[in-house]
>>> print(open('data-v2.cif').read())   # mmCIF, C-alpha atoms and all ligand atoms
data_work
loop_
_atom_site.label_atom_id
_atom_site.label_comp_id
_atom_site.auth_asym_id
_atom_site.auth_seq_id
_atom_site.Cartn_x
_atom_site.Cartn_y
_atom_site.Cartn_z
CA MET N 642 0.00 0.00 0.00
CA ALA N 643 1.29 3.45 -0.85
CA ALA N 644 2.06 5.65 2.14
CA LYS N 645 -0.59 8.27 2.86
CA ARG N 646 0.46 11.87 2.34
CA VAL N 647 0.09 13.75 5.60
CA PHE N 648 0.33 17.53 5.82
CA VAL N 649 1.25 19.05 9.19
CA ALA N 650 0.38 22.76 9.33
CA GLY N 651 2.36 24.52 12.07
CA HIS N 652 5.32 22.12 12.09
CA ARG N 653 7.64 24.64 13.79
CA GLY N 654 5.43 24.92 16.87
CA MET N 655 5.70 22.79 20.01
CA VAL N 656 2.82 20.46 19.04
CA GLY N 657 3.46 20.49 15.29
CA SER N 658 7.10 19.50 15.75
CA ALA N 659 6.11 16.68 18.13
CA LEU N 660 3.62 15.47 15.52
CA VAL N 661 6.28 15.51 12.81
CA ARG N 662 8.71 13.56 15.06
CA GLN N 663 6.12 10.82 15.61
CA LEU N 664 4.58 10.67 12.15
CA THR N 665 8.01 10.49 10.53
CA GLY N 666 8.61 7.21 12.31
CA LYS N 667 5.50 5.61 10.82
CA PRO N 668 6.02 3.47 7.71
CA ASP N 669 2.56 4.24 6.30
CA ALA N 670 2.90 8.03 6.34
CA GLU N 671 4.77 10.50 4.16
CA VAL N 672 4.97 13.74 6.12
CA VAL N 673 4.81 17.05 4.27
CA THR N 674 5.47 20.47 5.80
CA ALA N 675 5.77 23.94 4.34
CA SER N 676 7.91 26.76 5.71
CA ARG N 677 6.46 30.24 6.06
CA ASP N 678 8.41 31.34 2.97
CA GLU N 679 6.86 28.56 0.90
CA LEU N 680 3.32 29.00 2.16
CA ASP N 681 1.70 31.90 4.01
CA LEU N 682 -1.25 30.34 5.85
CA LEU N 683 -2.91 33.76 6.06
CA ASP N 684 -3.07 33.99 2.27
CA GLN N 685 -6.29 32.34 1.12
CA LYS N 686 -5.32 32.07 -2.56
CA ALA N 687 -1.91 30.61 -1.74
CA VAL N 688 -3.36 28.02 0.67
CA SER N 689 -6.04 27.04 -1.82
CA ALA N 690 -3.47 26.60 -4.63
CA TYR N 691 -1.11 24.66 -2.35
CA PHE N 692 -3.82 22.16 -1.41
CA ALA N 693 -4.96 21.86 -5.03
CA ASP N 694 -1.38 21.05 -6.10
CA ASN N 695 -0.71 18.48 -3.39
CA ALA N 696 -2.71 15.32 -3.11
CA PHE N 697 -2.88 15.09 0.67
CA ASP N 698 -4.74 12.29 2.39
CA GLU N 699 -4.73 13.81 5.86
CA VAL N 700 -4.20 17.24 7.42
CA TYR N 701 -3.13 18.05 10.99
CA LEU N 702 -4.10 21.66 11.69
CA ALA N 703 -1.57 22.55 14.39
CA ALA N 704 -0.84 26.06 13.10
CA ALA N 705 -1.98 28.85 15.40
CA LYS N 706 -1.00 32.17 16.87
CA VAL N 707 -0.44 31.35 20.54
CA GLY N 708 0.81 33.18 23.62
CA GLY N 709 0.40 33.77 27.32
CA ILE N 710 -1.91 36.11 29.18
CA GLN N 711 0.29 39.15 28.48
CA ALA N 712 0.49 38.56 24.73
CA ASN N 713 -3.26 37.90 24.55
CA ALA N 714 -3.95 41.18 26.34
CA THR N 715 -1.60 43.19 24.10
CA TYR N 716 -2.47 41.74 20.69
CA PRO N 717 -6.14 40.60 20.85
CA ALA N 718 -6.79 41.55 17.21
CA ASP N 719 -3.84 39.46 16.00
CA PHE N 720 -4.99 36.51 18.09
CA ILE N 721 -8.56 36.43 16.83
CA TRP N 722 -7.88 37.40 13.22
CA GLN N 723 -4.85 35.19 12.52
CA ASN N 724 -6.43 32.13 14.09
CA LEU N 725 -9.75 32.58 12.30
CA VAL N 726 -8.06 33.11 8.94
CA ILE N 727 -5.62 30.18 9.28
CA GLU N 728 -8.48 27.80 10.21
CA ALA N 729 -10.85 29.10 7.55
CA ASN N 730 -8.19 28.91 4.82
CA ILE N 731 -7.07 25.41 5.67
CA VAL N 732 -10.48 23.81 6.30
CA LYS N 733 -12.03 25.28 3.14
CA SER N 734 -8.97 24.43 1.01
CA ALA N 735 -8.91 20.87 2.36
CA HIS N 736 -12.57 20.48 1.48
CA ASP N 737 -12.10 21.97 -2.00
CA ALA N 738 -9.22 19.56 -2.60
CA ASP N 739 -11.51 16.71 -1.59
CA ILE N 740 -9.49 15.77 1.49
CA ASP N 741 -11.70 13.77 3.80
CA ARG N 742 -9.56 13.62 6.94
CA LEU N 743 -8.49 16.62 9.01
CA LEU N 744 -7.65 17.04 12.68
CA PHE N 745 -8.03 20.48 14.23
CA LEU N 746 -6.05 21.26 17.38
CA GLY N 747 -7.73 23.61 19.83
CA SER N 748 -7.29 24.47 23.46
CA SER N 749 -9.06 23.90 26.78
CA CYS N 750 -9.67 27.67 27.02
CA ILE N 751 -12.73 27.13 24.79
CA TYR N 752 -14.66 26.14 27.91
CA PRO N 753 -16.57 28.61 30.08
CA LYS N 754 -14.73 30.17 32.99
CA ASN N 755 -17.13 28.50 35.43
CA ALA N 756 -17.47 25.13 33.71
CA PRO N 757 -17.86 22.13 36.05
CA GLN N 758 -14.58 20.41 36.96
CA PRO N 759 -13.44 18.16 35.39
CA MET N 760 -14.70 19.90 32.23
CA PRO N 761 -16.67 17.68 29.85
CA GLU N 762 -16.90 18.36 26.09
CA GLU N 763 -20.57 19.21 26.57
CA SER N 764 -19.74 22.33 28.57
CA LEU N 765 -18.77 24.13 25.33
CA LEU N 766 -20.90 27.27 24.83
CA THR N 767 -22.73 26.92 28.13
CA GLY N 768 -21.32 30.07 29.74
CA VAL N 769 -19.09 33.12 29.72
CA LEU N 770 -15.43 32.65 28.74
CA GLU N 771 -12.35 33.74 30.66
CA PRO N 772 -12.05 37.39 29.48
CA THR N 773 -8.23 37.48 29.25
CA ASN N 774 -8.08 35.17 26.24
CA GLU N 775 -11.61 35.43 24.89
CA PRO N 776 -10.63 36.49 21.33
CA TYR N 777 -8.29 33.48 21.03
CA ALA N 778 -10.91 31.13 22.52
CA ILE N 779 -13.61 32.41 20.16
CA ALA N 780 -11.36 31.67 17.19
CA LYS N 781 -10.75 28.14 18.49
CA ILE N 782 -14.48 27.60 19.03
CA ALA N 783 -15.02 28.79 15.46
CA GLY N 784 -12.50 26.16 14.33
CA ILE N 785 -14.53 23.39 15.98
CA LYS N 786 -17.71 24.73 14.39
CA LEU N 787 -16.02 24.97 10.98
CA CYS N 788 -15.14 21.28 11.16
CA GLU N 789 -18.61 20.32 12.42
CA SER N 790 -20.26 22.36 9.67
CA TYR N 791 -18.24 20.78 6.87
CA ASN N 792 -19.13 17.40 8.35
CA ARG N 793 -22.82 18.28 8.38
CA GLN N 794 -23.07 19.95 5.00
CA HIS N 795 -20.47 18.00 3.04
CA ASP N 796 -20.21 14.73 4.90
CA ARG N 797 -16.55 15.28 5.74
CA ASP N 798 -14.70 13.60 8.61
CA TYR N 799 -13.04 16.62 10.24
CA ARG N 800 -12.22 16.01 13.90
CA SER N 801 -11.06 18.24 16.75
CA VAL N 802 -8.93 17.65 19.83
CA MET N 803 -8.73 20.03 22.79
CA PRO N 804 -5.55 19.68 24.85
CA THR N 805 -5.08 20.67 28.46
CA ASN N 806 -1.94 22.65 29.49
CA LEU N 807 0.92 21.29 27.41
CA TYR N 808 4.62 21.28 28.23
CA GLY N 809 7.76 19.68 26.84
CA PRO N 810 10.56 20.18 24.31
CA GLY N 811 10.10 23.37 22.33
CA ASP N 812 8.23 25.12 25.15
CA ASN N 813 8.55 28.83 25.87
CA PHE N 814 10.90 29.36 28.82
CA HIS N 815 10.57 33.13 29.04
CA PRO N 816 10.88 34.16 32.74
CA GLU N 817 7.73 36.32 32.83
CA ASN N 818 5.67 35.47 29.76
CA SER N 819 5.70 31.69 29.89
CA HIS N 820 3.37 29.25 31.62
CA VAL N 821 4.04 27.96 35.09
CA LEU N 822 5.88 24.70 34.33
CA PRO N 823 8.64 26.06 32.04
CA ALA N 824 8.87 29.26 34.14
CA LEU N 825 9.54 27.27 37.32
CA LEU N 826 11.95 24.88 35.58
CA ARG N 827 14.04 27.84 34.53
CA ARG N 828 13.80 29.64 37.89
CA PHE N 829 14.67 26.56 39.96
CA ASP N 830 17.49 25.65 37.58
CA GLU N 831 19.01 29.08 38.01
CA ALA N 832 18.61 28.91 41.79
CA ALA N 833 20.19 25.44 41.92
CA HIS N 834 23.19 26.74 39.97
CA THR N 835 23.68 29.97 41.90
CA GLY N 836 23.00 28.31 45.25
CA ALA N 837 20.15 30.75 46.00
CA GLU N 838 18.45 30.24 49.35
CA GLU N 839 14.96 31.02 48.18
CA VAL N 840 12.79 30.56 45.11
CA VAL N 841 9.59 32.54 44.72
CA VAL N 842 6.51 30.83 43.29
CA TRP N 843 3.66 33.09 42.19
CA GLY N 844 0.32 33.01 43.97
CA SER N 845 -0.73 30.83 46.90
CA GLY N 846 0.43 27.49 45.47
CA THR N 847 -3.06 26.03 45.97
CA PRO N 848 -4.53 26.32 42.41
CA ARG N 849 -4.71 22.98 40.67
CA ARG N 850 -3.69 22.36 37.05
CA GLU N 851 -3.39 19.40 34.69
CA PHE N 852 -0.19 19.03 32.63
CA LEU N 853 0.24 16.94 29.48
CA HIS N 854 3.58 16.23 27.80
CA VAL N 855 3.57 17.31 24.15
CA ASP N 856 4.68 13.83 23.00
CA ASP N 857 1.54 12.45 24.68
CA MET N 858 -0.47 15.12 22.86
CA ALA N 859 1.03 14.09 19.52
CA ALA N 860 0.35 10.41 20.24
CA ALA N 861 -3.26 11.16 21.23
CA SER N 862 -3.77 13.27 18.09
CA ILE N 863 -2.50 10.49 15.82
CA HIS N 864 -4.64 7.98 17.71
CA VAL N 865 -7.76 10.10 17.19
CA MET N 866 -6.95 10.75 13.52
CA ASP N 867 -6.45 7.02 12.91
CA LEU N 868 -9.74 5.86 14.50
CA ASP N 869 -12.22 4.52 12.03
CA HIS N 870 -15.17 6.73 11.24
CA GLU N 871 -17.78 4.69 13.12
CA THR N 872 -15.76 4.56 16.33
CA TYR N 873 -15.13 8.31 16.37
CA ALA N 874 -18.68 9.16 15.34
CA ALA N 875 -20.19 6.98 18.06
CA ARG N 876 -18.49 9.03 20.80
CA THR N 877 -18.78 12.50 19.34
CA GLN N 878 -22.44 12.90 18.57
CA PRO N 879 -24.42 14.78 17.45
CA MET N 880 -22.06 15.82 14.63
CA LEU N 881 -18.49 14.55 14.96
CA SER N 882 -17.52 17.15 17.46
CA HIS N 883 -14.44 17.52 19.65
CA VAL N 884 -12.52 15.34 22.12
CA ASN N 885 -10.60 16.48 25.20
CA VAL N 886 -6.98 15.41 25.57
CA GLY N 887 -5.50 15.33 29.05
CA THR N 888 -4.12 13.05 31.71
CA GLY N 889 -7.26 13.13 33.87
CA VAL N 890 -5.04 14.01 36.84
CA ASP N 891 -4.21 17.42 38.30
CA CYS N 892 -1.83 18.65 40.97
CA SER N 893 -1.44 21.82 43.00
CA ILE N 894 1.10 24.46 41.97
CA GLY N 895 2.82 23.82 45.30
CA GLU N 896 3.21 20.12 44.45
CA LEU N 897 4.47 21.00 40.97
CA ALA N 898 7.05 23.35 42.51
CA GLN N 899 8.27 20.58 44.85
CA LEU N 900 8.63 18.20 41.93
CA ILE N 901 10.57 20.76 39.87
CA ALA N 902 12.81 21.52 42.87
CA SER N 903 13.72 17.84 43.12
CA VAL N 904 14.26 17.42 39.35
CA THR N 905 16.57 20.45 39.21
CA GLY N 906 18.38 19.52 42.42
CA TYR N 907 17.40 22.72 44.20
CA GLU N 908 17.57 22.34 47.98
CA GLY N 909 16.70 25.80 49.28
CA LYS N 910 13.48 27.33 50.52
CA LEU N 911 10.26 27.73 48.58
CA THR N 912 8.14 30.83 49.15
CA PHE N 913 4.82 31.95 47.71
CA ASP N 914 4.18 35.48 46.45
CA ALA N 915 0.52 36.18 47.22
CA SER N 916 0.65 39.50 45.33
CA LYS N 917 0.68 37.53 42.05
CA PRO N 918 -2.67 36.24 40.76
CA ASP N 919 -3.74 32.64 41.35
CA GLY N 920 -6.03 32.55 38.34
CA THR N 921 -8.79 30.01 38.27
CA PRO N 922 -8.72 27.61 41.29
CA ARG N 923 -8.85 24.44 39.21
CA LYS N 924 -8.51 23.48 35.53
CA LEU N 925 -8.97 19.82 34.69
CA LEU N 926 -10.42 18.17 31.59
CA ASP N 927 -12.87 15.30 31.68
CA VAL N 928 -11.14 12.65 29.55
CA THR N 929 -13.90 10.02 29.61
CA ARG N 930 -14.50 10.34 25.85
CA LEU N 931 -10.82 9.89 25.01
CA THR N 932 -10.52 6.94 27.38
CA GLU N 933 -13.52 5.30 25.72
CA LEU N 934 -11.85 5.92 22.37
CA GLY N 935 -8.92 3.83 23.60
CA TRP N 936 -6.20 6.31 24.57
CA THR N 937 -4.66 7.18 27.92
CA SER N 938 -1.66 9.30 28.81
CA GLN N 939 1.65 7.42 28.92
CA ILE N 940 4.11 9.96 30.32
CA PRO N 941 3.94 10.51 34.10
CA LEU N 942 4.54 14.10 35.20
CA ALA N 943 7.86 13.37 36.94
CA GLU N 944 9.22 11.69 33.82
CA GLY N 945 7.92 14.41 31.52
CA VAL N 946 9.42 17.18 33.66
CA ALA N 947 12.79 15.39 33.69
CA ASP N 948 12.67 15.04 29.91
CA THR N 949 11.77 18.72 29.48
CA TYR N 950 14.57 19.71 31.84
CA ALA N 951 17.06 17.72 29.73
CA TRP N 952 15.81 19.51 26.60
CA PHE N 953 16.08 22.88 28.35
CA HIS N 954 19.71 22.13 29.23
CA GLU N 955 20.58 21.22 25.67
CA HIS N 956 19.04 24.44 24.39
CA GLU N 957 19.83 26.65 27.36
CA ARG N 958 22.18 28.90 25.48
CA SER N 959 19.42 30.11 23.20
CA PHE N 960 17.40 31.24 26.23
CA ARG N 961 20.13 33.34 27.82
CA GLY N 962 19.46 37.04 27.63
CA ARG N 963 15.81 36.59 26.76
P1 LIG V 1001 -3.15 29.47 33.82
O1 LIG V 1001 -3.29 27.98 33.88
O2 LIG V 1001 -3.88 30.06 32.67
O3 LIG V 1001 -3.51 30.12 35.13
O4 LIG V 1001 -1.64 29.77 33.47
P2 LIG V 1001 -0.21 29.76 34.18
O5 LIG V 1001 0.52 28.54 33.77
O6 LIG V 1001 0.43 31.07 33.79
O7 LIG V 1001 -0.41 29.76 35.77
C1 LIG V 1001 -0.85 28.66 36.50
C2 LIG V 1001 -0.68 28.91 38.01
O8 LIG V 1001 0.70 28.85 38.35
C3 LIG V 1001 -1.20 30.27 38.51
O9 LIG V 1001 -1.82 30.07 39.77
C4 LIG V 1001 0.11 31.05 38.71
O10 LIG V 1001 0.00 32.08 39.67
C5 LIG V 1001 1.04 29.95 39.19
N1 LIG V 1001 2.48 30.28 39.05
C6 LIG V 1001 3.41 30.12 40.02
N2 LIG V 1001 4.61 30.54 39.60
C7 LIG V 1001 4.46 30.93 38.31
C8 LIG V 1001 5.36 31.45 37.34
O11 LIG V 1001 6.54 31.66 37.57
N3 LIG V 1001 4.86 31.71 36.10
C9 LIG V 1001 3.53 31.51 35.81
N4 LIG V 1001 3.10 31.76 34.55
N5 LIG V 1001 2.66 31.04 36.72
C10 LIG V 1001 3.10 30.75 37.95
#
>>> encode(input="data-v2.cif", output="structure tokens", more="lines below")
Ligand code: GDP
Amino acid sequence: MAAKRVFVAGHRGMVGSALVRQLTGKPDAEVVTASRDELDLLDQKAVSAYFADNAFDEVYLAAAKVGGIQANATYPADFIWQNLVIEANIVKSAHDADIDRLLFLGSSCIYPKNAPQPMPEESLLTGVLEPTNEPYAIAKIAGIKLCESYNRQHDRDYRSVMPTNLYGPGDNFHPENSHVLPALLRRFDEAAHTGAEEVVVWGSGTPRREFLHVDDMAAASIHVMDLDHETYAARTQPMLSHVNVGTGVDCSIGELAQLIASVTGYEGKLTFDASKPDGTPRKLLDVTRLTELGWTSQIPLAEGVADTYAWFHEHERSFRGR
């Protein structure tokens, strides 16, 4: 059997690059990527022509404009417009090129601020969103609805996966603008090296978060893409909607900090800075659907943090001065 041609949009990103690493190892897949110079995903004509010229069998839509709370607050127009346009261009072009299989990667921020915990897929559009990243979340919700609508009107098989907080190789380790896990890895690493007596963790340490290694995310995405139509359809009624991807387990920020201290070999004191915001008290996805579809997380947090720390060390030089 000829290998299927698989296009990964967003292959330079943390998730896209993990997808390329895993798909490249599969004998039945020929992975295709396009650099920004070759293909501008914001250019509708260019995307349409690119899909028409390439006979792809499957598309992973991992391209997105992403960023932390600060970036979302500063560039809301960029976040909503770029994400809407990338999704619209790719989904429509895939349909026009008669591609039947597409996987759209979203985010758990699509769920209402006050969704029940753990958050089931059904809580989508049941309440008000977290205001700090609402434009980004709206674009991601639109992506799910784009896929659902092409499924309804054109009988496509376009699926969506919504990951919890991701971490791993390729993460953003910026001291202020990154998420908690890479931020603490970097801070504790520095403290372990300088012999500092104290490391400050933002907030009270009591909020609970779920963390998924990006290699687990890539594996789950490929698993979902590869499910046969009936299996996926049976769990995502009424119209081939989305599936959460997480570990099903959360931990407190205090526990995460302890783990990172031990991985980095830091032996000093840990203090909490209550002047920094805690954010939402708990964020955990309900992964029942994914479990029923036959996938569970394989990388325990301690192992994933150690792996990410090793990657950080190898690439440390590129983070200096940032
Ligand atoms: P959130 O999940 O959207 O709230 O995103 P974050 O990953 O930025 O923050 C998660 C939790 O970790 C919040 O309660 C933060 O206050 C806490 N936290 C502790 N130390 C840090 C840090 O150095 N950086 C960040 N980003 N969060 C931290």
>>> closest_residue(input="data-v2.cif", among="N:Gln685, N:Gln899, N:Gln758, N:Ser748", to="Phe829 in chain N", atoms="only C-alpha atoms")
N:Gln899
>>> closest_atom_pairs(input="data-v2.cif", of="chain N", to="ligand LIG 1001 (chain V)", cutoff="9 Å", atoms="all atoms listed in the file", output="Markdown table")
| residue | atom | partner | partner_atom | distance |
| --- | --- | --- | --- | --- |
| N:Gly709 | CA | V:LIG1001 | O6 | 7.0 |
| N:Ile710 | CA | V:LIG1001 | O6 | 7.2 |
| N:Cys750 | CA | V:LIG1001 | O2 | 8.4 |
| N:Asn806 | CA | V:LIG1001 | O1 | 7.0 |
| N:Pro816 | CA | V:LIG1001 | O11 | 7.0 |
| N:Glu817 | CA | V:LIG1001 | N3 | 6.3 |
| N:Asn818 | CA | V:LIG1001 | N4 | 6.6 |
| N:Ser819 | CA | V:LIG1001 | N4 | 5.3 |
| N:His820 | CA | V:LIG1001 | O5 | 3.6 |
| N:Val821 | CA | V:LIG1001 | C9 | 3.7 |
| N:Leu822 | CA | V:LIG1001 | O5 | 6.6 |
| N:Pro823 | CA | V:LIG1001 | N3 | 7.9 |
| N:Ala824 | CA | V:LIG1001 | O11 | 4.8 |
| N:Leu825 | CA | V:LIG1001 | O11 | 5.3 |
| N:Leu826 | CA | V:LIG1001 | O11 | 8.9 |
| N:Arg827 | CA | V:LIG1001 | O11 | 8.9 |
| N:Arg828 | CA | V:LIG1001 | O11 | 7.5 |
| N:Val841 | CA | V:LIG1001 | N2 | 7.4 |
| N:Val842 | CA | V:LIG1001 | N2 | 4.2 |
| N:Trp843 | CA | V:LIG1001 | C6 | 3.7 |
| N:Gly844 | CA | V:LIG1001 | O10 | 4.4 |
| N:Ser845 | CA | V:LIG1001 | O9 | 7.3 |
| N:Gly846 | CA | V:LIG1001 | O9 | 6.6 |
| N:Thr847 | CA | V:LIG1001 | O9 | 7.5 |
| N:Pro848 | CA | V:LIG1001 | O9 | 5.3 |
| N:Arg849 | CA | V:LIG1001 | C2 | 7.6 |
| N:Arg850 | CA | V:LIG1001 | O1 | 6.5 |
| N:Glu851 | CA | V:LIG1001 | O1 | 8.6 |
| N:Ser893 | CA | V:LIG1001 | O8 | 8.7 |
| N:Ile894 | CA | V:LIG1001 | O8 | 5.7 |
| N:Gly895 | CA | V:LIG1001 | C6 | 8.2 |
| N:Ala898 | CA | V:LIG1001 | C6 | 8.1 |
| N:Phe913 | CA | V:LIG1001 | C6 | 8.0 |
| N:Asp914 | CA | V:LIG1001 | C6 | 8.4 |
| N:Ala915 | CA | V:LIG1001 | O10 | 8.6 |
| N:Lys917 | CA | V:LIG1001 | O10 | 6.0 |
| N:Pro918 | CA | V:LIG1001 | O10 | 5.1 |
| N:Asp919 | CA | V:LIG1001 | O9 | 3.6 |
| N:Gly920 | CA | V:LIG1001 | O3 | 4.7 |
| N:Thr921 | CA | V:LIG1001 | O3 | 6.1 |
| N:Pro922 | CA | V:LIG1001 | O9 | 7.5 |
| N:Arg923 | CA | V:LIG1001 | O1 | 8.5 |
| N:Lys924 | CA | V:LIG1001 | O1 | 7.1 |
>>> closest_residue(input="data-v2.cif", among="N:His870, N:His956, N:Arg793, N:His854", to="Ala659 in chain N", atoms="all atoms listed in the file")
N:His854
>>> closest_residue(input="data-v2.cif", among="N:Ile779, N:Lys786, N:Leu770, N:Ala902", to="Ala833 in chain N", atoms="all atoms listed in the file")
N:Ala902
>>> atom_distance(input="data-v2.cif", atom1="CA of Ile863 in chain N", atom2="CA of Glu671 in chain N")
13.7 Å
>>> closest_residue(input="data-v2.cif", among="N:Leu911, N:Ala874, N:Ala861, N:Val707", to="Trp936 in chain N", atoms="all atoms listed in the file")
N:Ala861
>>> atom_distance(input="data-v2.cif", atom1="CA of Asn813 in chain N", atom2="CA of Glu699 in chain N")
28.3 Å
>>> residues_near_point(input="data-v2.cif", point="(-17.8, 30.8, 29.2)", cutoff="12 Å", atoms="all atoms listed in the file", output="PDB file with C-alpha atoms, keeping the file's coordinate frame")
ATOM      1  CA  SER N 749      -9.060  23.900  26.780  1.00  0.00           C
ATOM      2  CA  CYS N 750      -9.670  27.670  27.020  1.00  0.00           C
ATOM      3  CA  ILE N 751     -12.730  27.130  24.790  1.00  0.00           C
ATOM      4  CA  TYR N 752     -14.660  26.140  27.910  1.00  0.00           C
ATOM      5  CA  PRO N 753     -16.570  28.610  30.080  1.00  0.00           C
ATOM      6  CA  LYS N 754     -14.730  30.170  32.990  1.00  0.00           C
ATOM      7  CA  ASN N 755     -17.130  28.500  35.430  1.00  0.00           C
ATOM      8  CA  ALA N 756     -17.470  25.130  33.710  1.00  0.00           C
ATOM      9  CA  PRO N 757     -17.860  22.130  36.050  1.00  0.00           C
ATOM     10  CA  MET N 760     -14.700  19.900  32.230  1.00  0.00           C
ATOM     11  CA  SER N 764     -19.740  22.330  28.570  1.00  0.00           C
ATOM     12  CA  LEU N 765     -18.770  24.130  25.330  1.00  0.00           C
ATOM     13  CA  LEU N 766     -20.900  27.270  24.830  1.00  0.00           C
ATOM     14  CA  THR N 767     -22.730  26.920  28.130  1.00  0.00           C
ATOM     15  CA  GLY N 768     -21.320  30.070  29.740  1.00  0.00           C
ATOM     16  CA  VAL N 769     -19.090  33.120  29.720  1.00  0.00           C
ATOM     17  CA  LEU N 770     -15.430  32.650  28.740  1.00  0.00           C
ATOM     18  CA  GLU N 771     -12.350  33.740  30.660  1.00  0.00           C
ATOM     19  CA  PRO N 772     -12.050  37.390  29.480  1.00  0.00           C
ATOM     20  CA  THR N 773      -8.230  37.480  29.250  1.00  0.00           C
ATOM     21  CA  ASN N 774      -8.080  35.170  26.240  1.00  0.00           C
ATOM     22  CA  GLU N 775     -11.610  35.430  24.890  1.00  0.00           C
ATOM     23  CA  ALA N 778     -10.910  31.130  22.520  1.00  0.00           C
ATOM     24  CA  ILE N 779     -13.610  32.410  20.160  1.00  0.00           C
ATOM     25  CA  ILE N 782     -14.480  27.600  19.030  1.00  0.00           C
TER      26      ILE N 782
END
>>> residues_around(input="data-v2.cif", residues="range 673-675 of chain N", least_positions_apart="3", cutoff="10 Å", atoms="all atoms listed in the file", output="PyMOL selection string")
chain N and resi 646-653+657+661+665+670+678-682+691+695+697+700
>>> atom_distance(input="data-v2.cif", atom1="CA of Val890 in chain N", atom2="CA of Leu746 in chain N")
20.8 Å
>>> residues_around(input="data-v2.cif", residues="Phe852 in chain N", least_positions_apart="4", cutoff="8 Å", atoms="only C-alpha atoms", output="VMD selection string")
chain N and resid 805 to 808 887 to 888 891 942
>>> closest_residue(input="data-v2.cif", among="N:Ser882, N:Thr877, N:Thr912, N:Gln794", to="Arg930 in chain N", atoms="all atoms listed in the file")
N:Thr877
>>> residues_around(input="data-v2.cif", residues="Pro759 in chain N", least_positions_apart="6", cutoff="9 Å", atoms="all atoms listed in the file", output="list in words")
Gly889, Arg923, Lys924, Leu925, Leu926, Asp927 and Val928 of chain N
>>> residues_around(input="data-v2.cif", residues="Ala783 in chain N", least_positions_apart="2", cutoff="12 Å", atoms="all atoms listed in the file", output="PyMOL selection string")
chain N and resi 721-722+724-729+732+745-748+751+765-766+776-781+785-790+801
>>> closest_residue(input="data-v2.cif", among="N:Gly906, N:Ala947, N:Gly666, N:Thr872", to="Gly935 in chain N", atoms="all atoms listed in the file")
N:Thr872
>>> residues_near_point(input="data-v2.cif", point="(6.7, 16.0, 33.9)", cutoff="10 Å", atoms="all atoms listed in the file", output="JSON, numbers by chain")
{"N": [808, 809, 822, 852, 853, 854, 897, 900, 901, 904, 940, 941, 942, 943, 944, 945, 946, 947, 948, 949, 950]}
>>> residues_around(input="data-v2.cif", residues="Gly836 in chain N", least_positions_apart="4", cutoff="9 Å", atoms="all atoms listed in the file", output="PDB file with C-alpha atoms, keeping the file's coordinate frame")
ATOM      1  CA  GLU N 831      19.010  29.080  38.010  1.00  0.00           C
ATOM      2  CA  ALA N 832      18.610  28.910  41.790  1.00  0.00           C
ATOM      3  CA  TYR N 907      17.400  22.720  44.200  1.00  0.00           C
ATOM      4  CA  GLU N 908      17.570  22.340  47.980  1.00  0.00           C
ATOM      5  CA  GLY N 909      16.700  25.800  49.280  1.00  0.00           C
TER       6      GLY N 909
END
